[in-house]
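Okay, structure17.cif is below, mmCIF, C-alpha atoms:
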```cif
data_work
loop_
_atom_site.label_atom_id
_atom_site.label_comp_id
_atom_site.auth_asym_id
_atom_site.auth_seq_id
_atom_site.Cartn_x
_atom_site.Cartn_y
_atom_site.Cartn_z
CA MET A 1 -46.84 56.51 -20.91
CA SER A 2 -49.95 54.56 -19.94
CA GLY A 3 -47.76 52.10 -18.03
CA ALA A 4 -46.32 54.95 -15.96
CA LYS A 5 -49.82 56.23 -15.23
CA ASP A 6 -50.99 52.78 -14.18
CA ARG A 7 -48.01 52.47 -11.86
CA TRP A 8 -49.21 55.48 -9.85
CA ALA A 9 -52.96 54.92 -10.32
CA ASP A 10 -53.58 54.02 -6.69
CA LEU A 11 -51.68 57.00 -5.28
CA LEU A 12 -54.65 59.39 -4.86
CA PRO A 13 -57.05 57.04 -3.00
CA ARG A 14 -54.11 55.71 -1.01
CA ALA A 15 -53.05 59.24 -0.01
CA LEU A 16 -56.59 60.36 0.89
CA SER A 17 -57.17 57.27 3.02
CA ALA A 18 -53.82 57.82 4.70
CA VAL A 19 -54.78 61.41 5.61
CA VAL A 20 -58.01 60.21 7.24
CA MET A 21 -56.21 57.44 9.14
CA ILE A 22 -53.46 59.77 10.30
CA ALA A 23 -56.01 62.31 11.54
CA ALA A 24 -58.06 59.71 13.43
CA GLY A 25 -54.97 57.97 14.76
CA GLY A 26 -53.38 61.27 15.77
CA VAL A 27 -56.40 62.26 17.84
CA ALA A 28 -56.45 58.85 19.54
CA VAL A 29 -52.70 58.85 20.26
CA TRP A 30 -52.87 62.39 21.61
CA SER A 31 -55.87 61.58 23.80
CA GLY A 32 -54.51 58.33 25.17
CA GLY A 33 -56.42 56.48 27.86
CA LEU A 34 -59.75 54.89 27.04
CA ILE A 35 -60.08 56.60 23.65
CA PHE A 36 -56.77 55.19 22.41
CA ASN A 37 -57.44 51.78 23.96
CA ALA A 38 -60.88 51.60 22.34
CA MET A 39 -59.47 52.51 18.91
CA ILE A 40 -56.82 49.80 19.16
CA ALA A 41 -59.41 47.29 20.37
CA LEU A 42 -61.71 48.07 17.43
CA CYS A 43 -58.84 47.72 14.96
CA CYS A 44 -57.87 44.36 16.47
CA GLY A 45 -61.46 43.18 16.29
CA GLY A 46 -61.66 44.28 12.67
CA MET A 47 -58.48 42.41 11.78
CA VAL A 48 -59.72 39.19 13.44
CA TRP A 49 -62.97 39.61 11.48
CA GLU A 50 -60.94 39.91 8.27
CA LEU A 51 -58.79 36.93 9.25
CA VAL A 52 -61.78 34.62 9.74
CA ARG A 53 -63.39 35.83 6.51
CA MET A 54 -60.20 34.97 4.62
CA LEU A 55 -59.95 31.54 6.21
CA MET A 56 -63.66 30.68 6.03
CA PRO A 57 -65.49 33.00 3.58
CA SER A 58 -68.81 31.25 4.13
CA ARG A 59 -68.81 31.89 7.90
CA SER A 60 -69.55 35.61 7.98
CA GLY A 61 -71.52 35.28 11.21
CA THR A 62 -68.65 33.51 12.93
CA ALA A 63 -66.23 36.16 11.67
CA LEU A 64 -68.37 38.95 13.11
CA GLN A 65 -68.73 37.19 16.47
CA LEU A 66 -65.03 36.48 16.84
CA GLY A 67 -64.17 40.01 15.78
CA ALA A 68 -66.48 41.46 18.43
CA ILE A 69 -65.16 39.12 21.12
CA SER A 70 -61.58 39.98 20.20
CA ALA A 71 -62.22 43.72 20.40
CA ALA A 72 -63.85 43.28 23.80
CA ALA A 73 -60.93 41.13 25.00
CA VAL A 74 -58.31 43.72 24.05
CA LEU A 75 -60.25 46.52 25.72
CA LEU A 76 -60.85 44.43 28.85
CA ALA A 77 -57.17 43.41 29.01
CA SER A 78 -56.20 47.08 29.00
CA LEU A 79 -58.28 47.63 32.15
CA LEU A 80 -57.22 44.57 34.15
CA PRO A 81 -54.07 43.79 36.17
CA ALA A 82 -51.17 42.28 34.23
CA LEU A 83 -51.88 38.81 35.62
CA TRP A 84 -55.11 38.65 33.63
CA VAL A 85 -53.84 39.94 30.29
CA LEU A 86 -52.78 36.64 28.68
CA PRO A 87 -55.85 34.64 29.78
CA VAL A 88 -58.20 37.37 28.53
CA LEU A 89 -56.43 37.72 25.18
CA ALA A 90 -56.29 33.93 24.78
CA ALA A 91 -60.06 33.57 25.27
CA PRO A 92 -61.16 34.69 21.75
CA VAL A 93 -58.39 32.58 20.23
CA ALA A 94 -59.65 29.53 22.09
CA ALA A 95 -63.21 30.34 21.04
CA GLY A 96 -62.16 30.60 17.41
CA PHE A 97 -60.16 27.38 17.60
CA SER A 98 -63.30 25.57 18.75
CA GLN A 99 -65.43 27.01 15.91
CA ILE A 100 -63.01 26.88 12.98
CA SER A 101 -62.73 23.41 11.49
CA GLU A 102 -60.12 24.19 8.81
CA ARG A 103 -56.79 26.02 8.87
CA ARG A 104 -56.88 26.29 12.65
CA GLN A 105 -53.12 26.80 12.80
CA TYR A 106 -53.39 29.94 10.70
CA PHE A 107 -56.15 31.36 12.84
CA THR A 108 -54.34 30.59 16.08
CA GLY A 109 -51.03 32.10 15.00
CA PHE A 110 -52.36 35.22 13.33
CA ALA A 111 -55.07 35.93 15.90
CA LEU A 112 -52.56 35.69 18.76
CA TRP A 113 -50.22 37.98 16.86
CA VAL A 114 -52.95 40.57 16.30
CA LEU A 115 -54.17 40.57 19.90
CA LEU A 116 -50.75 40.60 21.56
CA ALA A 117 -49.43 43.30 19.24
CA GLY A 118 -52.58 45.35 19.81
CA PHE A 119 -52.10 45.11 23.55
CA GLY A 120 -48.45 46.04 22.96
CA PHE A 121 -49.60 49.34 21.47
CA ILE A 122 -51.77 50.01 24.49
CA TRP A 123 -48.93 49.18 26.87
CA LEU A 124 -46.48 51.37 24.93
CA ARG A 125 -48.79 54.39 24.95
CA GLY A 126 -49.79 53.94 28.59
CA GLN A 127 -46.45 53.02 30.14
CA MET A 128 -43.84 54.69 27.92
CA GLY A 129 -45.75 57.78 26.84
CA MET A 130 -46.78 59.52 23.64
CA ALA A 131 -43.25 60.25 22.36
CA TRP A 132 -42.41 56.53 22.23
CA MET A 133 -45.72 55.79 20.55
CA LEU A 134 -45.12 58.44 17.91
CA TRP A 135 -41.61 57.11 17.33
CA LEU A 136 -42.90 53.60 16.60
CA VAL A 137 -45.67 54.88 14.34
CA CYS A 138 -43.22 57.10 12.44
CA ILE A 139 -40.84 54.15 11.97
CA VAL A 140 -43.57 52.07 10.35
CA VAL A 141 -44.96 54.94 8.26
CA VAL A 142 -41.60 56.01 6.82
CA THR A 143 -40.66 52.39 6.17
CA ASP A 144 -43.85 51.96 4.15
CA VAL A 145 -43.70 55.33 2.37
CA ALA A 146 -40.00 55.10 1.50
CA GLY A 147 -40.45 51.53 0.34
CA TYR A 148 -43.47 52.44 -1.78
CA PHE A 149 -41.87 55.39 -3.60
CA ALA A 150 -38.40 53.86 -3.94
CA GLY A 151 -39.89 50.61 -5.20
CA LYS A 152 -42.03 52.43 -7.76
CA ALA A 153 -39.32 54.86 -8.88
CA ILE A 154 -36.21 52.67 -8.75
CA GLY A 155 -37.61 49.19 -9.17
CA GLY A 156 -35.02 46.47 -9.57
CA PRO A 157 -34.82 42.91 -8.22
CA LYS A 158 -37.82 41.62 -6.29
CA PHE A 159 -37.47 41.00 -2.57
CA TRP A 160 -39.54 37.80 -2.42
CA PRO A 161 -41.56 37.47 -5.65
CA ARG A 162 -43.29 34.23 -4.68
CA VAL A 163 -44.86 35.80 -1.59
CA SER A 164 -44.98 39.54 -2.30
CA PRO A 165 -44.50 40.21 -6.04
CA LYS A 166 -44.51 44.02 -5.74
CA LYS A 167 -41.77 44.39 -3.13
CA THR A 168 -38.27 45.19 -4.34
CA TRP A 169 -34.89 45.23 -2.65
CA SER A 170 -34.60 48.95 -3.41
CA GLY A 171 -37.83 49.65 -1.55
CA THR A 172 -36.90 47.36 1.33
CA ALA A 173 -33.47 48.94 1.85
CA SER A 174 -34.92 52.45 1.48
CA GLY A 175 -37.28 51.63 4.33
CA TRP A 176 -34.33 50.72 6.56
CA ILE A 177 -32.51 53.94 5.70
CA ALA A 178 -35.61 56.05 6.38
CA ALA A 179 -36.15 54.28 9.71
CA ALA A 180 -32.52 54.95 10.73
CA ILE A 181 -32.99 58.66 9.98
CA VAL A 182 -36.19 58.80 12.04
CA GLY A 183 -34.47 56.89 14.84
CA ALA A 184 -31.59 59.38 14.85
CA VAL A 185 -34.01 62.33 15.07
CA PHE A 186 -35.99 60.81 17.93
CA ALA A 187 -32.80 59.69 19.69
CA GLY A 188 -31.65 63.29 19.82
CA GLN A 189 -35.00 64.48 21.15
CA MET A 190 -35.40 61.69 23.70
CA GLY A 191 -31.83 61.54 24.99
CA GLN A 192 -31.12 58.07 23.56
CA GLY A 193 -27.86 56.72 22.14
CA PHE A 194 -26.91 55.03 18.88
CA GLY A 195 -28.57 51.82 20.03
CA PHE A 196 -31.88 53.61 19.52
CA VAL A 197 -31.07 53.97 15.81
CA ILE A 198 -30.30 50.26 15.58
CA LEU A 199 -33.57 49.46 17.36
CA SER A 200 -35.39 51.67 14.87
CA VAL A 201 -33.97 49.67 11.96
CA LEU A 202 -34.90 46.40 13.69
CA LEU A 203 -38.47 47.63 14.10
CA SER A 204 -38.46 48.62 10.42
CA MET A 205 -37.43 45.08 9.54
CA ALA A 206 -40.10 43.67 11.85
CA SER A 207 -42.75 45.85 10.20
CA GLN A 208 -41.68 44.53 6.80
CA ALA A 209 -41.77 40.98 8.17
CA GLY A 210 -45.33 41.58 9.33
CA ASP A 211 -46.22 42.78 5.85
CA VAL A 212 -44.64 39.71 4.26
CA ALA A 213 -46.40 37.35 6.71
CA GLU A 214 -49.78 38.83 5.86
CA SER A 215 -48.97 38.72 2.14
CA ALA A 216 -48.08 35.04 2.47
CA LEU A 217 -51.42 34.34 4.17
CA LYS A 218 -53.37 36.16 1.46
CA ARG A 219 -51.48 34.28 -1.21
CA LYS A 220 -52.26 31.01 0.54
CA MET A 221 -55.96 31.92 0.72
CA GLY A 222 -56.05 33.23 -2.86
CA VAL A 223 -57.20 36.77 -2.00
CA LYS A 224 -55.76 40.14 -3.05
CA ASP A 225 -56.77 42.13 0.05
CA SER A 226 -57.90 41.19 3.54
CA SER A 227 -61.06 43.26 2.88
CA ALA A 228 -62.13 46.43 1.07
CA LEU A 229 -62.63 48.66 4.11
CA ILE A 230 -59.93 51.23 3.25
CA PRO A 231 -59.78 52.66 -0.31
CA GLY A 232 -56.31 52.25 -1.80
CA HIS A 233 -55.11 50.09 1.07
CA GLY A 234 -57.49 47.13 1.19
CA GLY A 235 -58.39 46.13 4.73
CA LEU A 236 -57.23 46.88 8.24
CA PHE A 237 -54.89 43.90 8.15
CA ASP A 238 -53.37 45.18 4.89
CA ARG A 239 -52.74 48.58 6.42
CA PHE A 240 -51.63 47.62 9.93
CA ASP A 241 -49.66 44.42 9.33
CA GLY A 242 -46.45 46.45 9.55
CA MET A 243 -47.61 48.11 12.78
CA LEU A 244 -48.35 44.68 14.23
CA GLY A 245 -44.88 43.43 13.33
CA ALA A 246 -43.17 46.46 14.88
CA ALA A 247 -45.32 46.38 18.01
CA ALA A 248 -44.69 42.67 18.53
CA MET A 249 -40.94 43.21 18.12
CA PHE A 250 -40.92 46.11 20.58
CA LEU A 251 -42.93 44.11 23.12
CA ALA A 252 -40.44 41.23 22.79
CA VAL A 253 -37.46 43.57 23.22
CA ALA A 254 -39.09 45.27 26.22
CA ALA A 255 -39.86 41.91 27.84
CA PHE A 256 -36.30 40.67 27.23
CA TRP A 257 -34.56 43.77 28.52
CA GLY A 258 -37.12 44.47 31.26
#
```
Take the structure from the file and write it as structure tokens.
Amino acid sequence: MSGAKDRWADLLPRALSAVVMIAAGGVAVWSGGLIFNAMIALCCGGMVWELVRMLMPSRSGTALQLGAISAAAVLLASLLPALWVLPVLAAPVAAGFSQISERRQYFTGFALWVLLAGFGFIWLRGQMGMAWMLWLVCIVVVTDVAGYFAGKAIGGPKFWPRVSPKKTWSGTASGWIAAAIVGAVFAGQMGQGFGFVILSVLLSMASQAGDVAESALKRKMGVKDSSALIPGHGGLFDRFDGMLGAAAMFLAVAAFWG
């Protein structure tokens, strides 16, 4: 009995934190414009701060500086013409590369991922509209929720025990099924075809890939969470790694298909 209780011990703080995040995120998504852009910029800055702290725990000042620069870069990129986006987003990465003496490859790859995916959210909300933004968010949320409950309730073989010991194949597949259902609902509302359902599953997979990538980094650095900012969830990176994966995938698909 105690084992069953321990299995669900983190549900209450996780749920309460999720309610707060959904409320804050909902207001920002609904508002759009500068409010949404600023929220995304702050989240990106926070994730870069967490990234540097994981890579170089003794350099808290450097982590804070690079986090602030990254947030400013994302917000500035959202206000400038498209020609300036990549140079502006690359600036904090270059600054970090010059200051970080160890594990530079991890910082470069993950920081670029965070900043580009963050800008992808801003582009999606600004250019495609709120319905598309809500669709992507719902895909990631149901993938995570279905995976969490199915993994806890069904269990079974682990998905990739060396990198993410808690993830199971039952939870992973349940996330795909949930994403397909959400895709079908939004497809009907937005006048899209079956390809939209397939895209929804691909984004679900990308969100899981983002989760696995962040888990691999934490395992490499020997940390459990990216930080302790969010009760029940760890840090911003722990909570939004799936969002980053989905946003990066959508940006790639949009760039490929024009």
For this session: Would you work out the distance separating atom CA of A:Trp176 from atom CA of A:Cys44, expressed in Å to one decimal?
Result: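 So the answer is 26.3 Å.
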For stretch 124-147 of chain A versus stretch 112-119 of chain A, which residues have an atom no more than 12 Å away, and what is each residue's nearest atom pair and distance in Å rounded to one decimal, using only C-alpha atoms, chain-then-number order, as CSV?
```
residue,atom,partner,partner_atom,distance
A:Leu124,CA,A:Phe119,CA,8.5
A:Arg125,CA,A:Phe119,CA,10.0
A:Gly126,CA,A:Phe119,CA,10.4
A:Gln127,CA,A:Phe119,CA,11.7
```
For this session: Record the distance separating atom CA of A:Gly195 and atom CA of A:Phe256, expressed in Å with one decimal.
Result: 15.4 Å
Exercise. So which residues get picked by the PyMOL selection byres ((chain A and resi 90-92) around 10) here, written as a count of residues only?
Worked result: 27
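Atom pair atom CA of A:Ala131 / atom CA of A:Leu229: separated by 29.0 Å.
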For this session: Kindly indicate which residue among A:Trp132, A:Met249, A:Ala18, A:Val201 lies nearest to A:Phe186, using all atoms listed in the file for the distances.
Result: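 The shortest atom-to-atom distance to A:Phe186 comes from A:Trp132.
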Selected by the PyMOL selection byres ((chain A and resi 121) around 12) in the shown coordinates: which residues, as a PDB file with C-alpha atoms, in the coordinates of the input?
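Result went into out_1.pdb, see below:
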```pdb
ATOM      1  CA  ALA A  28     -56.450  58.850  19.540  1.00  0.00           C
ATOM      2  CA  VAL A  29     -52.700  58.850  20.260  1.00  0.00           C
ATOM      3  CA  GLY A  32     -54.510  58.330  25.170  1.00  0.00           C
ATOM      4  CA  GLY A  33     -56.420  56.480  27.860  1.00  0.00           C
ATOM      5  CA  PHE A  36     -56.770  55.190  22.410  1.00  0.00           C
ATOM      6  CA  ASN A  37     -57.440  51.780  23.960  1.00  0.00           C
ATOM      7  CA  ALA A  38     -60.880  51.600  22.340  1.00  0.00           C
ATOM      8  CA  MET A  39     -59.470  52.510  18.910  1.00  0.00           C
ATOM      9  CA  ILE A  40     -56.820  49.800  19.160  1.00  0.00           C
ATOM     10  CA  ALA A  41     -59.410  47.290  20.370  1.00  0.00           C
ATOM     11  CA  CYS A  43     -58.840  47.720  14.960  1.00  0.00           C
ATOM     12  CA  CYS A  44     -57.870  44.360  16.470  1.00  0.00           C
ATOM     13  CA  VAL A  74     -58.310  43.720  24.050  1.00  0.00           C
ATOM     14  CA  LEU A  75     -60.250  46.520  25.720  1.00  0.00           C
ATOM     15  CA  SER A  78     -56.200  47.080  29.000  1.00  0.00           C
ATOM     16  CA  VAL A 114     -52.950  40.570  16.300  1.00  0.00           C
ATOM     17  CA  LEU A 115     -54.170  40.570  19.900  1.00  0.00           C
ATOM     18  CA  LEU A 116     -50.750  40.600  21.560  1.00  0.00           C
ATOM     19  CA  ALA A 117     -49.430  43.300  19.240  1.00  0.00           C
ATOM     20  CA  GLY A 118     -52.580  45.350  19.810  1.00  0.00           C
ATOM     21  CA  PHE A 119     -52.100  45.110  23.550  1.00  0.00           C
ATOM     22  CA  GLY A 120     -48.450  46.040  22.960  1.00  0.00           C
ATOM     23  CA  ILE A 122     -51.770  50.010  24.490  1.00  0.00           C
ATOM     24  CA  TRP A 123     -48.930  49.180  26.870  1.00  0.00           C
ATOM     25  CA  LEU A 124     -46.480  51.370  24.930  1.00  0.00           C
ATOM     26  CA  ARG A 125     -48.790  54.390  24.950  1.00  0.00           C
ATOM     27  CA  GLY A 126     -49.790  53.940  28.590  1.00  0.00           C
ATOM     28  CA  GLN A 127     -46.450  53.020  30.140  1.00  0.00           C
ATOM     29  CA  MET A 128     -43.840  54.690  27.920  1.00  0.00           C
ATOM     30  CA  GLY A 129     -45.750  57.780  26.840  1.00  0.00           C
ATOM     31  CA  MET A 130     -46.780  59.520  23.640  1.00  0.00           C
ATOM     32  CA  TRP A 132     -42.410  56.530  22.230  1.00  0.00           C
ATOM     33  CA  MET A 133     -45.720  55.790  20.550  1.00  0.00           C
ATOM     34  CA  LEU A 134     -45.120  58.440  17.910  1.00  0.00           C
ATOM     35  CA  TRP A 135     -41.610  57.110  17.330  1.00  0.00           C
ATOM     36  CA  LEU A 136     -42.900  53.600  16.600  1.00  0.00           C
ATOM     37  CA  VAL A 137     -45.670  54.880  14.340  1.00  0.00           C
ATOM     38  CA  PHE A 240     -51.630  47.620   9.930  1.00  0.00           C
ATOM     39  CA  MET A 243     -47.610  48.110  12.780  1.00  0.00           C
ATOM     40  CA  LEU A 244     -48.350  44.680  14.230  1.00  0.00           C
ATOM     41  CA  GLY A 245     -44.880  43.430  13.330  1.00  0.00           C
ATOM     42  CA  ALA A 246     -43.170  46.460  14.880  1.00  0.00           C
ATOM     43  CA  ALA A 247     -45.320  46.380  18.010  1.00  0.00           C
ATOM     44  CA  ALA A 248     -44.690  42.670  18.530  1.00  0.00           C
ATOM     45  CA  MET A 249     -40.940  43.210  18.120  1.00  0.00           C
ATOM     46  CA  PHE A 250     -40.920  46.110  20.580  1.00  0.00           C
ATOM     47  CA  LEU A 251     -42.930  44.110  23.120  1.00  0.00           C
TER      48      LEU A 251
END
```
Selection near stretch 139-148 of chain A, 7 Å with only C-alpha atoms, sequence-local residues under 4 positions removed, as a PDB file with C-alpha atoms, keeping the file's coordinate frame:
```
ATOM      1  CA  TRP A 135     -41.610  57.110  17.330  1.00  0.00           C
ATOM      2  CA  LYS A 152     -42.030  52.430  -7.760  1.00  0.00           C
ATOM      3  CA  GLY A 171     -37.830  49.650  -1.550  1.00  0.00           C
ATOM      4  CA  THR A 172     -36.900  47.360   1.330  1.00  0.00           C
ATOM      5  CA  SER A 174     -34.920  52.450   1.480  1.00  0.00           C
ATOM      6  CA  GLY A 175     -37.280  51.630   4.330  1.00  0.00           C
ATOM      7  CA  TRP A 176     -34.330  50.720   6.560  1.00  0.00           C
ATOM      8  CA  ALA A 178     -35.610  56.050   6.380  1.00  0.00           C
ATOM      9  CA  ALA A 179     -36.150  54.280   9.710  1.00  0.00           C
ATOM     10  CA  VAL A 182     -36.190  58.800  12.040  1.00  0.00           C
ATOM     11  CA  SER A 200     -35.390  51.670  14.870  1.00  0.00           C
ATOM     12  CA  SER A 204     -38.460  48.620  10.420  1.00  0.00           C
ATOM     13  CA  SER A 207     -42.750  45.850  10.200  1.00  0.00           C
ATOM     14  CA  GLY A 242     -46.450  46.450   9.550  1.00  0.00           C
ATOM     15  CA  MET A 243     -47.610  48.110  12.780  1.00  0.00           C
TER      16      MET A 243
END
```
For this session: Evaluate the PyMOL selection byres ((chain A and resi 216) around 12) here and jot the selected residues down as a ChimeraX atom specification.
Result: /A:106,110,160-165,209-215,217-226,238,241
Export, as a PDB file, keeping the file's coordinate frame, the selected residues with C-alpha atoms.
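Final output, part_30.pdb:
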```
ATOM      1  CA  TYR A 106     -53.390  29.940  10.700  1.00  0.00           C
ATOM      2  CA  PHE A 110     -52.360  35.220  13.330  1.00  0.00           C
ATOM      3  CA  TRP A 160     -39.540  37.800  -2.420  1.00  0.00           C
ATOM      4  CA  PRO A 161     -41.560  37.470  -5.650  1.00  0.00           C
ATOM      5  CA  ARG A 162     -43.290  34.230  -4.680  1.00  0.00           C
ATOM      6  CA  VAL A 163     -44.860  35.800  -1.590  1.00  0.00           C
ATOM      7  CA  SER A 164     -44.980  39.540  -2.300  1.00  0.00           C
ATOM      8  CA  PRO A 165     -44.500  40.210  -6.040  1.00  0.00           C
ATOM      9  CA  ALA A 209     -41.770  40.980   8.170  1.00  0.00           C
ATOM     10  CA  GLY A 210     -45.330  41.580   9.330  1.00  0.00           C
ATOM     11  CA  ASP A 211     -46.220  42.780   5.850  1.00  0.00           C
ATOM     12  CA  VAL A 212     -44.640  39.710   4.260  1.00  0.00           C
ATOM     13  CA  ALA A 213     -46.400  37.350   6.710  1.00  0.00           C
ATOM     14  CA  GLU A 214     -49.780  38.830   5.860  1.00  0.00           C
ATOM     15  CA  SER A 215     -48.970  38.720   2.140  1.00  0.00           C
ATOM     16  CA  LEU A 217     -51.420  34.340   4.170  1.00  0.00           C
ATOM     17  CA  LYS A 218     -53.370  36.160   1.460  1.00  0.00           C
ATOM     18  CA  ARG A 219     -51.480  34.280  -1.210  1.00  0.00           C
ATOM     19  CA  LYS A 220     -52.260  31.010   0.540  1.00  0.00           C
ATOM     20  CA  MET A 221     -55.960  31.920   0.720  1.00  0.00           C
ATOM     21  CA  GLY A 222     -56.050  33.230  -2.860  1.00  0.00           C
ATOM     22  CA  VAL A 223     -57.200  36.770  -2.000  1.00  0.00           C
ATOM     23  CA  LYS A 224     -55.760  40.140  -3.050  1.00  0.00           C
ATOM     24  CA  ASP A 225     -56.770  42.130   0.050  1.00  0.00           C
ATOM     25  CA  SER A 226     -57.900  41.190   3.540  1.00  0.00           C
ATOM     26  CA  ASP A 238     -53.370  45.180   4.890  1.00  0.00           C
ATOM     27  CA  ASP A 241     -49.660  44.420   9.330  1.00  0.00           C
TER      28      ASP A 241
END
```
First collect every listed atom of stretch 120-124 of chain A; then fit an axis-aligned box around them, widen it by 4 Å on each side, and give centre and edge lengths in Å to one decimal, as JSON.
```
{"center_x": -49.1, "center_y": 48.7, "center_z": 24.2, "size_x": 13.3, "size_y": 13.3, "size_z": 13.4}
```
